[in-house]
>>> print(open('start-v1.pdb').read())   # PDB, C-alpha atoms and all ligand atoms
ATOM      1  CA  MET L 262      31.779  68.173 149.680
ATOM      2  CA  LEU L 263      31.526  71.447 151.587
ATOM      3  CA  LYS L 264      35.229  72.304 151.413
ATOM      4  CA  PRO L 265      35.598  72.819 147.624
ATOM      5  CA  CYS L 266      32.537  75.067 147.751
ATOM      6  CA  VAL L 267      34.061  77.246 150.435
ATOM      7  CA  ILE L 268      37.318  77.490 148.519
ATOM      8  CA  LEU L 269      35.486  78.417 145.343
ATOM      9  CA  LEU L 270      33.433  81.040 147.138
ATOM     10  CA  THR L 271      36.546  82.577 148.715
ATOM     11  CA  LEU L 272      38.241  82.686 145.321
ATOM     12  CA  LEU L 273      35.226  84.367 143.771
ATOM     13  CA  LEU L 274      35.005  86.951 146.520
ATOM     14  CA  CYS L 275      38.675  87.755 146.169
ATOM     15  CA  ALA L 276      38.493  87.964 142.396
ATOM     16  CA  PHE L 277      35.560  90.357 142.227
ATOM     17  CA  PRO L 278      37.005  93.551 143.685
ATOM     18  CA  ALA L 279      40.006  93.101 141.394
ATOM     19  CA  THR L 280      37.931  92.883 138.204
ATOM     20  CA  ALA L 281      35.788  95.797 139.308
ATOM     21  CA  GLN L 282      38.894  97.973 139.596
ATOM     22  CA  GLU L 283      40.259  96.868 136.248
ATOM     23  CA  SER L 284      37.096  97.757 134.395
ATOM     24  CA  GLN L 285      37.158 101.272 135.849
ATOM     25  CA  ALA L 286      40.698 102.086 134.837
ATOM     26  CA  PRO L 287      40.399 102.376 131.014
ATOM     27  CA  ALA L 288      37.301 104.613 131.193
ATOM     28  CA  GLN L 289      39.058 107.792 130.065
ATOM     29  CA  ALA L 290      37.873 110.691 127.939
ATOM     30  CA  LYS L 291      39.537 111.350 124.597
ATOM     31  CA  THR L 292      40.500 114.847 125.641
ATOM     32  CA  PRO L 293      42.723 115.422 128.679
ATOM     33  CA  SER L 294      41.235 116.098 132.095
ATOM     34  CA  SER L 295      42.371 119.053 134.180
ATOM     35  CA  SER L 296      44.735 116.838 136.157
ATOM     36  CA  THR L 297      46.747 115.993 133.028
ATOM     37  CA  ILE L 298      48.050 119.496 132.290
ATOM     38  CA  PRO L 299      51.856 119.185 132.374
ATOM     39  CA  ALA L 300      53.572 121.512 134.860
ATOM     40  CA  GLU L 301      55.694 123.177 132.173
ATOM     41  CA  ALA L 302      52.550 123.967 130.149
ATOM     42  CA  ALA L 303      50.817 125.406 133.228
ATOM     43  CA  HIS L 304      53.802 127.648 134.009
ATOM     44  CA  GLN L 305      54.301 128.833 130.448
ATOM     45  CA  PRO L 306      54.163 132.638 130.575
ATOM     46  CA  ASN L 307      51.681 134.456 128.361
ATOM     47  CA  PRO L 308      53.797 136.194 125.699
ATOM     48  CA  VAL L 309      50.886 138.326 124.432
ATOM     49  CA  LYS L 310      49.919 141.506 126.296
ATOM     50  CA  PRO L 311      46.160 142.099 126.665
ATOM     51  CA  THR L 312      46.225 145.120 124.340
ATOM     52  CA  PRO L 313      42.961 146.309 122.751
ATOM     53  CA  GLU L 314      44.131 144.602 119.513
ATOM     54  CA  SER L 315      44.720 141.281 121.286
ATOM     55  CA  LEU L 316      41.325 141.441 123.002
ATOM     56  CA  ALA L 317      39.576 142.337 119.732
ATOM     57  CA  GLN L 318      41.186 139.356 117.967
ATOM     58  CA  GLY L 319      40.375 137.085 120.895
ATOM     59  CA  LYS L 320      36.783 138.245 120.872
ATOM     60  CA  LYS L 321      36.461 137.477 117.164
ATOM     61  CA  TYR L 322      37.694 133.890 117.537
ATOM     62  CA  TYR L 323      35.720 133.428 120.731
ATOM     63  CA  GLY L 324      32.606 134.385 118.800
ATOM     64  CA  TYR L 325      33.335 131.738 116.152
ATOM     65  CA  ASP L 326      34.535 128.841 118.273
ATOM     66  CA  CYS L 327      33.509 129.286 121.895
ATOM     67  CA  ALA L 328      30.354 131.383 122.311
ATOM     68  CA  MET L 329      28.080 128.519 121.160
ATOM     69  CA  CYS L 330      28.922 126.792 124.428
ATOM     70  CA  HIS L 331      30.375 129.422 126.755
ATOM     71  CA  GLY L 332      27.895 132.160 125.797
ATOM     72  CA  ASN L 333      28.603 135.563 124.212
ATOM     73  CA  ASN L 334      29.382 137.128 127.574
ATOM     74  CA  GLY L 335      31.078 134.009 128.968
ATOM     75  CA  ASP L 336      28.244 133.034 131.288
ATOM     76  CA  GLY L 337      28.390 129.397 130.112
ATOM     77  CA  LYS L 338      24.847 129.435 128.738
ATOM     78  CA  GLY L 339      25.496 129.180 125.011
ATOM     79  CA  GLU L 340      22.982 127.308 122.834
ATOM     80  CA  VAL L 341      25.005 124.099 122.621
ATOM     81  CA  ALA L 342      25.804 124.090 126.334
ATOM     82  CA  VAL L 343      22.114 124.455 127.167
ATOM     83  CA  SER L 344      20.985 121.688 124.801
ATOM     84  CA  GLU L 345      23.807 119.340 125.862
ATOM     85  CA  LYS L 346      23.264 120.238 129.540
ATOM     86  CA  PHE L 347      26.937 121.142 130.042
ATOM     87  CA  LYS L 348      27.705 122.650 133.413
ATOM     88  CA  LEU L 349      30.067 125.461 132.517
ATOM     89  CA  GLY L 350      31.772 128.010 134.704
ATOM     90  CA  ASP L 351      30.808 131.675 134.329
ATOM     91  CA  PHE L 352      33.814 133.544 132.850
ATOM     92  CA  SER L 353      32.230 136.859 133.848
ATOM     93  CA  ASP L 354      32.645 135.827 137.500
ATOM     94  CA  PRO L 355      36.261 136.569 138.557
ATOM     95  CA  ALA L 356      36.268 133.459 140.776
ATOM     96  CA  THR L 357      35.878 131.061 137.817
ATOM     97  CA  LEU L 358      39.322 131.429 136.252
ATOM     98  CA  LYS L 359      41.106 132.807 139.307
ATOM     99  CA  GLY L 360      42.766 129.521 140.211
ATOM    100  CA  LYS L 361      44.078 128.894 136.692
ATOM    101  CA  THR L 362      47.262 130.207 135.096
ATOM    102  CA  ASP L 363      47.292 131.625 131.570
ATOM    103  CA  GLY L 364      49.368 128.586 130.609
ATOM    104  CA  GLU L 365      46.615 126.251 131.840
ATOM    105  CA  LEU L 366      43.949 128.165 129.929
ATOM    106  CA  PHE L 367      46.114 128.046 126.787
ATOM    107  CA  TYR L 368      46.522 124.288 127.230
ATOM    108  CA  ILE L 369      42.790 123.709 127.772
ATOM    109  CA  ILE L 370      41.827 125.764 124.708
ATOM    110  CA  LYS L 371      44.441 124.064 122.512
ATOM    111  CA  ASN L 372      43.850 120.481 123.695
ATOM    112  CA  GLY L 373      40.238 120.519 124.838
ATOM    113  CA  GLN L 374      39.088 119.154 128.161
ATOM    114  CA  GLY L 375      36.417 116.591 128.959
ATOM    115  CA  GLN L 376      33.562 117.338 126.543
ATOM    116  CA  MET L 377      35.196 120.476 125.213
ATOM    117  CA  PRO L 378      36.659 119.996 121.720
ATOM    118  CA  PRO L 379      40.278 121.069 121.108
ATOM    119  CA  GLU L 380      41.223 124.039 118.909
ATOM    120  CA  GLY L 381      44.350 122.064 118.021
ATOM    121  CA  ASP L 382      46.363 123.502 115.145
ATOM    122  CA  ARG L 383      43.401 125.314 113.578
ATOM    123  CA  VAL L 384      44.579 128.568 115.109
ATOM    124  CA  LYS L 385      48.050 130.000 115.697
ATOM    125  CA  PRO L 386      49.488 130.178 119.248
ATOM    126  CA  THR L 387      49.157 133.987 119.220
ATOM    127  CA  GLU L 388      45.460 133.625 118.519
ATOM    128  CA  LEU L 389      45.093 131.139 121.377
ATOM    129  CA  TRP L 390      46.781 133.651 123.717
ATOM    130  CA  ASN L 391      44.424 136.336 122.414
ATOM    131  CA  MET L 392      41.516 134.118 123.475
ATOM    132  CA  VAL L 393      43.120 133.585 126.899
ATOM    133  CA  ASN L 394      43.369 137.380 127.243
ATOM    134  CA  TYR L 395      39.801 137.804 126.069
ATOM    135  CA  ILE L 396      38.200 135.303 128.459
ATOM    136  CA  ARG L 397      40.159 136.880 131.328
ATOM    137  CA  SER L 398      38.868 140.310 130.304
ATOM    138  CA  LEU L 399      35.262 139.111 130.608
ATOM    139  CA  SER L 400      35.515 139.164 134.396
ATOM    140  CA  ASN L 401      37.590 142.381 134.527
ATOM    141  CA  LYS L 402      34.697 144.296 133.021
ATOM    142  CA  LYS L 403      32.411 143.206 135.831
ATOM    143  CA  SER L 404      34.798 144.090 138.639
ATOM    144  CA  GLN L 405      35.597 147.527 137.234
TER     145      GLN L 405
HETATM  146  C1  LIG L 501      31.090 122.072 122.584
HETATM  147  C2  LIG L 501      31.082 123.040 123.652
HETATM  148  C3  LIG L 501      32.348 123.831 123.932
HETATM  149  C4  LIG L 501      33.042 124.659 123.079
HETATM  150  C5  LIG L 501      32.769 124.937 121.613
HETATM  151  C6  LIG L 501      34.102 125.249 123.869
HETATM  152  N1  LIG L 501      34.059 124.774 125.164
HETATM  153 FE1  LIG L 501      35.274 125.355 126.695
HETATM  154  N2  LIG L 501      34.421 123.969 127.877
HETATM  155  C7  LIG L 501      33.381 123.142 127.514
HETATM  156  C8  LIG L 501      33.153 122.185 128.582
HETATM  157  C9  LIG L 501      32.102 121.077 128.574
HETATM  158  C10 LIG L 501      34.090 122.488 129.597
HETATM  159  C11 LIG L 501      34.281 121.751 130.918
HETATM  160  C12 LIG L 501      35.313 120.676 130.648
HETATM  161  C13 LIG L 501      35.590 119.790 131.833
HETATM  162  O1  LIG L 501      36.324 120.225 132.717
HETATM  163  O2  LIG L 501      35.063 118.694 131.836
HETATM  164  C14 LIG L 501      34.878 123.609 129.108
HETATM  165  C15 LIG L 501      35.902 124.216 129.836
HETATM  166  C16 LIG L 501      36.590 125.331 129.423
HETATM  167  C17 LIG L 501      37.593 126.022 130.198
HETATM  168  C18 LIG L 501      38.012 125.647 131.614
HETATM  169  C19 LIG L 501      37.161 126.454 132.540
HETATM  170  C20 LIG L 501      37.223 126.008 133.963
HETATM  171  O3  LIG L 501      36.491 126.603 134.761
HETATM  172  O4  LIG L 501      37.954 125.075 134.292
HETATM  173  C21 LIG L 501      38.038 127.070 129.446
HETATM  174  C22 LIG L 501      39.079 128.103 129.844
HETATM  175  C23 LIG L 501      37.329 127.013 128.187
HETATM  176  N3  LIG L 501      36.454 125.949 128.210
HETATM  177  C24 LIG L 501      37.514 127.909 127.163
HETATM  178  C25 LIG L 501      36.991 127.731 125.889
HETATM  179  C26 LIG L 501      37.352 128.535 124.741
HETATM  180  C27 LIG L 501      38.280 129.731 124.771
HETATM  181  C28 LIG L 501      36.676 128.027 123.680
HETATM  182  C29 LIG L 501      36.769 128.439 122.232
HETATM  183  C30 LIG L 501      38.048 128.256 121.605
HETATM  184  C31 LIG L 501      35.871 126.905 124.167
HETATM  185  N4  LIG L 501      36.082 126.758 125.512
HETATM  186  C32 LIG L 501      35.023 126.160 123.381
HETATM  187  C33 LIG L 501      32.656 123.179 126.348
HETATM  188  C34 LIG L 501      33.018 123.890 125.228
END
>>> encode(input="start-v1.pdb", output="structure tokens")
Amino acid sequence: MLKPCVILLTLLLCAFPATAQESQAPAQAKTPSSSTIPAEAAHQPNPVKPTPESLAQGKKYYGYDCAMCHGNNGDGKGEVAVSEKFKLGDFSDPATLKGKTDGELFYIIKNGQGQMPPEGDRVKPTELWNMVNYIRSLSNKKSQ
């Protein structure tokens, strides 16, 4: 009588870790995570020079689409970010974007990341690069 119980218990114990792993796997966000940026996108060179015109355009779009979360000066304390309790990096701190290429920033802005919504095809690539230039310039101002 004891033997079938032992076998059953062993089976159960073996089965549990497996199911626990399976249920974790599909838990993925709708937008890509930072680890999913393709290498060719990350290494894509920025074709737009950070001219005053580019920065002015970037600032305009940033004001419409980004400042609500990332804050007017990039400090990550926009209204929506505060109410949603997002933990955002401070773009005015040079360390925040230092480790990222322009290509990665372009990819994140276009495709979204985690809880950040994608710009998608709403804006032209040039305008996305203008925003990349603009958010980079937010930390330049501080270090100058
Ligand atoms: C609804 C709020 C929201 C809006 C609007 C938003 N973001 Fe974000 N952003 C986030 C969140 C949340 C993250 C962190 C995502 C993660 O890694 O989980 C993020 C991350 C980023 C990052 C990566 C920073 C890092 O340190 O890794 C960049 C760059 C960025 N956002 C730029 C922008 C730009 C440019 C816009 C406007 C086109 C924008 N965001 C609009 C919420 C937002």
>>> resolve_selection(input="start-v1.pdb", expression="the PyMOL selection byres (((not hetatm)) within 9 of (chain L and resi 501))", output="ChimeraX atom specification")
/L:293-295,319,322-331,337,339,341-342,345-352,357-361,365-371,373-380,389,392-393,395-397
>>> atom_distance(input="start-v1.pdb", atom1="atom CA of Gln318 of chain L", atom2="atom CA of Val384 of chain L")
11.7 Å
>>> atom_distance(input="start-v1.pdb", atom1="atom CA of Val309 of chain L", atom2="atom CA of Asn401 of chain L")
17.2 Å
>>> atom_distance(input="start-v1.pdb", atom1="atom CA of Pro313 of chain L", atom2="atom CA of Thr387 of chain L")
14.2 Å
>>> residues_around(input="start-v1.pdb", residues="Asn307 of chain L", least_positions_apart="2", cutoff="7 Å", atoms="all atoms listed in the file", output="NGL selection string")
:L and (305 or 309 or 363-364 or 390)
>>> axis_aligned_box(input="start-v1.pdb", around="segment 354-373 of chain L", padding_each_side="5 Å", output="AutoDock Vina command-line options")
--center_x 41.0 --center_y 128.5 --center_z 131.6 --size_x 26.7 --size_y 26.1 --size_z 28.3
>>> closest_residue(input="start-v1.pdb", among="L:Asn333, L:Asn372, L:Ser398, L:Asp382", to="Ala302 of chain L", atoms="all atoms listed in the file")
L:Asn372
>>> closest_residue(input="start-v1.pdb", among="L:Glu388, L:Arg383, L:Lys338, L:Pro306", to="Lys321 of chain L", atoms="all atoms listed in the file")
L:Glu388
>>> closest_residue(input="start-v1.pdb", among="L:Pro355, L:Pro386, L:Gly381, L:Pro311", to="Asp336 of chain L", atoms="all atoms listed in the file")
L:Pro355
>>> closest_residue(input="start-v1.pdb", among="L:Thr297, L:Thr292, L:Thr362, L:Ser344", to="Asn394 of chain L", atoms="all atoms listed in the file")
L:Thr362
>>> closest_residue(input="start-v1.pdb", among="L:Asn391, L:Ala356, L:Ser400, L:Val343", to="Glu314 of chain L", atoms="all atoms listed in the file")
L:Asn391
>>> decode(input="start-v1.pdb", residues="segment 315-346 of chain L", atoms="N, CA, C and O atoms", output="PDB file, in the first residue's frame")
ATOM      1  N   SER L 315      17.467  70.276 -36.142  1.00  0.00           N
ATOM      2  CA  SER L 315      17.115  68.924 -35.706  1.00  0.00           C
ATOM      3  C   SER L 315      16.675  68.935 -34.242  1.00  0.00           C
ATOM      4  O   SER L 315      15.658  68.336 -33.875  1.00  0.00           O
ATOM      5  N   LEU L 316      17.437  69.648 -33.406  1.00  0.00           N
ATOM      6  CA  LEU L 316      17.117  69.682 -31.974  1.00  0.00           C
ATOM      7  C   LEU L 316      15.779  70.383 -31.732  1.00  0.00           C
ATOM      8  O   LEU L 316      14.988  69.951 -30.890  1.00  0.00           O
ATOM      9  N   ALA L 317      15.515  71.445 -32.521  1.00  0.00           N
ATOM     10  CA  ALA L 317      14.248  72.168 -32.352  1.00  0.00           C
ATOM     11  C   ALA L 317      13.060  71.284 -32.724  1.00  0.00           C
ATOM     12  O   ALA L 317      12.051  71.245 -32.025  1.00  0.00           O
ATOM     13  N   GLN L 318      13.205  70.520 -33.826  1.00  0.00           N
ATOM     14  CA  GLN L 318      12.156  69.582 -34.230  1.00  0.00           C
ATOM     15  C   GLN L 318      11.976  68.494 -33.173  1.00  0.00           C
ATOM     16  O   GLN L 318      10.867  68.130 -32.819  1.00  0.00           O
ATOM     17  N   GLY L 319      13.101  67.960 -32.703  1.00  0.00           N
ATOM     18  CA  GLY L 319      13.053  66.903 -31.699  1.00  0.00           C
ATOM     19  C   GLY L 319      12.366  67.386 -30.436  1.00  0.00           C
ATOM     20  O   GLY L 319      11.557  66.683 -29.848  1.00  0.00           O
ATOM     21  N   LYS L 320      12.665  68.618 -30.061  1.00  0.00           N
ATOM     22  CA  LYS L 320      12.077  69.184 -28.854  1.00  0.00           C
ATOM     23  C   LYS L 320      10.555  69.295 -28.986  1.00  0.00           C
ATOM     24  O   LYS L 320       9.805  69.000 -28.047  1.00  0.00           O
ATOM     25  N   LYS L 321      10.119  69.695 -30.194  1.00  0.00           N
ATOM     26  CA  LYS L 321       8.688  69.860 -30.435  1.00  0.00           C
ATOM     27  C   LYS L 321       7.957  68.521 -30.245  1.00  0.00           C
ATOM     28  O   LYS L 321       6.992  68.423 -29.498  1.00  0.00           O
ATOM     29  N   TYR L 322       8.473  67.481 -30.902  1.00  0.00           N
ATOM     30  CA  TYR L 322       7.828  66.164 -30.789  1.00  0.00           C
ATOM     31  C   TYR L 322       7.960  65.602 -29.386  1.00  0.00           C
ATOM     32  O   TYR L 322       7.051  64.951 -28.877  1.00  0.00           O
ATOM     33  N   TYR L 323       9.085  65.847 -28.757  1.00  0.00           N
ATOM     34  CA  TYR L 323       9.289  65.386 -27.386  1.00  0.00           C
ATOM     35  C   TYR L 323       8.216  65.997 -26.488  1.00  0.00           C
ATOM     36  O   TYR L 323       7.634  65.323 -25.639  1.00  0.00           O
ATOM     37  N   GLY L 324       7.950  67.273 -26.707  1.00  0.00           N
ATOM     38  CA  GLY L 324       6.926  67.958 -25.921  1.00  0.00           C
ATOM     39  C   GLY L 324       5.553  67.323 -26.086  1.00  0.00           C
ATOM     40  O   GLY L 324       4.791  67.205 -25.131  1.00  0.00           O
ATOM     41  N   TYR L 325       5.241  66.890 -27.319  1.00  0.00           N
ATOM     42  CA  TYR L 325       3.932  66.267 -27.571  1.00  0.00           C
ATOM     43  C   TYR L 325       3.838  64.860 -27.003  1.00  0.00           C
ATOM     44  O   TYR L 325       2.837  64.486 -26.410  1.00  0.00           O
ATOM     45  N   ASP L 326       4.873  64.056 -27.260  1.00  0.00           N
ATOM     46  CA  ASP L 326       4.746  62.604 -27.068  1.00  0.00           C
ATOM     47  C   ASP L 326       5.523  62.017 -25.895  1.00  0.00           C
ATOM     48  O   ASP L 326       5.313  60.870 -25.544  1.00  0.00           O
ATOM     49  N   CYS L 327       6.442  62.751 -25.331  1.00  0.00           N
ATOM     50  CA  CYS L 327       7.356  62.147 -24.358  1.00  0.00           C
ATOM     51  C   CYS L 327       7.336  62.835 -22.993  1.00  0.00           C
ATOM     52  O   CYS L 327       7.489  62.178 -21.967  1.00  0.00           O
ATOM     53  N   ALA L 328       7.182  64.175 -23.011  1.00  0.00           N
ATOM     54  CA  ALA L 328       7.341  64.950 -21.775  1.00  0.00           C
ATOM     55  C   ALA L 328       6.347  64.524 -20.686  1.00  0.00           C
ATOM     56  O   ALA L 328       6.664  64.590 -19.500  1.00  0.00           O
ATOM     57  N   MET L 329       5.170  64.044 -21.080  1.00  0.00           N
ATOM     58  CA  MET L 329       4.164  63.622 -20.087  1.00  0.00           C
ATOM     59  C   MET L 329       4.726  62.538 -19.157  1.00  0.00           C
ATOM     60  O   MET L 329       4.317  62.434 -18.014  1.00  0.00           O
ATOM     61  N   CYS L 330       5.629  61.746 -19.679  1.00  0.00           N
ATOM     62  CA  CYS L 330       6.269  60.727 -18.837  1.00  0.00           C
ATOM     63  C   CYS L 330       7.689  61.135 -18.444  1.00  0.00           C
ATOM     64  O   CYS L 330       8.061  61.073 -17.289  1.00  0.00           O
ATOM     65  N   HIS L 331       8.485  61.514 -19.454  1.00  0.00           N
ATOM     66  CA  HIS L 331       9.914  61.746 -19.185  1.00  0.00           C
ATOM     67  C   HIS L 331      10.207  63.136 -18.629  1.00  0.00           C
ATOM     68  O   HIS L 331      11.349  63.411 -18.272  1.00  0.00           O
ATOM     69  N   GLY L 332       9.198  63.999 -18.547  1.00  0.00           N
ATOM     70  CA  GLY L 332       9.402  65.331 -17.979  1.00  0.00           C
ATOM     71  C   GLY L 332       9.955  66.300 -19.014  1.00  0.00           C
ATOM     72  O   GLY L 332      10.684  65.895 -19.913  1.00  0.00           O
ATOM     73  N   ASN L 333       9.602  67.584 -18.901  1.00  0.00           N
ATOM     74  CA  ASN L 333      10.037  68.590 -19.869  1.00  0.00           C
ATOM     75  C   ASN L 333      11.546  68.648 -19.995  1.00  0.00           C
ATOM     76  O   ASN L 333      12.070  68.852 -21.083  1.00  0.00           O
ATOM     77  N   ASN L 334      12.252  68.496 -18.895  1.00  0.00           N
ATOM     78  CA  ASN L 334      13.716  68.567 -18.962  1.00  0.00           C
ATOM     79  C   ASN L 334      14.349  67.177 -18.957  1.00  0.00           C
ATOM     80  O   ASN L 334      15.547  67.051 -18.782  1.00  0.00           O
ATOM     81  N   GLY L 335      13.528  66.127 -19.130  1.00  0.00           N
ATOM     82  CA  GLY L 335      14.064  64.778 -19.228  1.00  0.00           C
ATOM     83  C   GLY L 335      14.346  64.097 -17.897  1.00  0.00           C
ATOM     84  O   GLY L 335      14.935  63.018 -17.868  1.00  0.00           O
ATOM     85  N   ASP L 336      13.912  64.714 -16.809  1.00  0.00           N
ATOM     86  CA  ASP L 336      14.245  64.145 -15.496  1.00  0.00           C
ATOM     87  C   ASP L 336      13.430  62.892 -15.131  1.00  0.00           C
ATOM     88  O   ASP L 336      13.656  62.286 -14.088  1.00  0.00           O
ATOM     89  N   GLY L 337      12.477  62.518 -15.996  1.00  0.00           N
ATOM     90  CA  GLY L 337      11.700  61.301 -15.747  1.00  0.00           C
ATOM     91  C   GLY L 337      10.574  61.489 -14.745  1.00  0.00           C
ATOM     92  O   GLY L 337      10.017  60.526 -14.242  1.00  0.00           O
ATOM     93  N   LYS L 338      10.219  62.772 -14.497  1.00  0.00           N
ATOM     94  CA  LYS L 338       9.167  63.034 -13.504  1.00  0.00           C
ATOM     95  C   LYS L 338       7.957  63.714 -14.125  1.00  0.00           C
ATOM     96  O   LYS L 338       7.348  64.597 -13.532  1.00  0.00           O
ATOM     97  N   GLY L 339       7.615  63.302 -15.340  1.00  0.00           N
ATOM     98  CA  GLY L 339       6.406  63.824 -15.978  1.00  0.00           C
ATOM     99  C   GLY L 339       5.172  63.368 -15.220  1.00  0.00           C
ATOM    100  O   GLY L 339       5.232  62.407 -14.467  1.00  0.00           O
ATOM    101  N   GLU L 340       4.059  64.072 -15.470  1.00  0.00           N
ATOM    102  CA  GLU L 340       2.788  63.790 -14.764  1.00  0.00           C
ATOM    103  C   GLU L 340       2.394  62.317 -14.780  1.00  0.00           C
ATOM    104  O   GLU L 340       2.060  61.734 -13.760  1.00  0.00           O
ATOM    105  N   VAL L 341       2.423  61.733 -15.999  1.00  0.00           N
ATOM    106  CA  VAL L 341       1.974  60.344 -16.140  1.00  0.00           C
ATOM    107  C   VAL L 341       2.929  59.398 -15.405  1.00  0.00           C
ATOM    108  O   VAL L 341       2.497  58.473 -14.722  1.00  0.00           O
ATOM    109  N   ALA L 342       4.220  59.675 -15.521  1.00  0.00           N
ATOM    110  CA  ALA L 342       5.207  58.819 -14.852  1.00  0.00           C
ATOM    111  C   ALA L 342       5.005  58.849 -13.339  1.00  0.00           C
ATOM    112  O   ALA L 342       5.100  57.817 -12.673  1.00  0.00           O
ATOM    113  N   VAL L 343       4.691  60.033 -12.804  1.00  0.00           N
ATOM    114  CA  VAL L 343       4.489  60.154 -11.366  1.00  0.00           C
ATOM    115  C   VAL L 343       3.237  59.386 -10.956  1.00  0.00           C
ATOM    116  O   VAL L 343       3.264  58.573 -10.028  1.00  0.00           O
ATOM    117  N   SER L 344       2.129  59.572 -11.702  1.00  0.00           N
ATOM    118  CA  SER L 344       0.886  58.914 -11.292  1.00  0.00           C
ATOM    119  C   SER L 344       0.945  57.404 -11.521  1.00  0.00           C
ATOM    120  O   SER L 344       0.332  56.643 -10.794  1.00  0.00           O
ATOM    121  N   GLU L 345       1.684  56.967 -12.525  1.00  0.00           N
ATOM    122  CA  GLU L 345       1.801  55.518 -12.784  1.00  0.00           C
ATOM    123  C   GLU L 345       2.965  54.886 -12.008  1.00  0.00           C
ATOM    124  O   GLU L 345       3.212  53.697 -12.133  1.00  0.00           O
ATOM    125  N   LYS L 346       3.700  55.726 -11.280  1.00  0.00           N
ATOM    126  CA  LYS L 346       4.868  55.269 -10.510  1.00  0.00           C
ATOM    127  C   LYS L 346       5.917  54.572 -11.382  1.00  0.00           C
ATOM    128  O   LYS L 346       6.504  53.561 -11.008  1.00  0.00           O
TER     129      LYS L 346
END
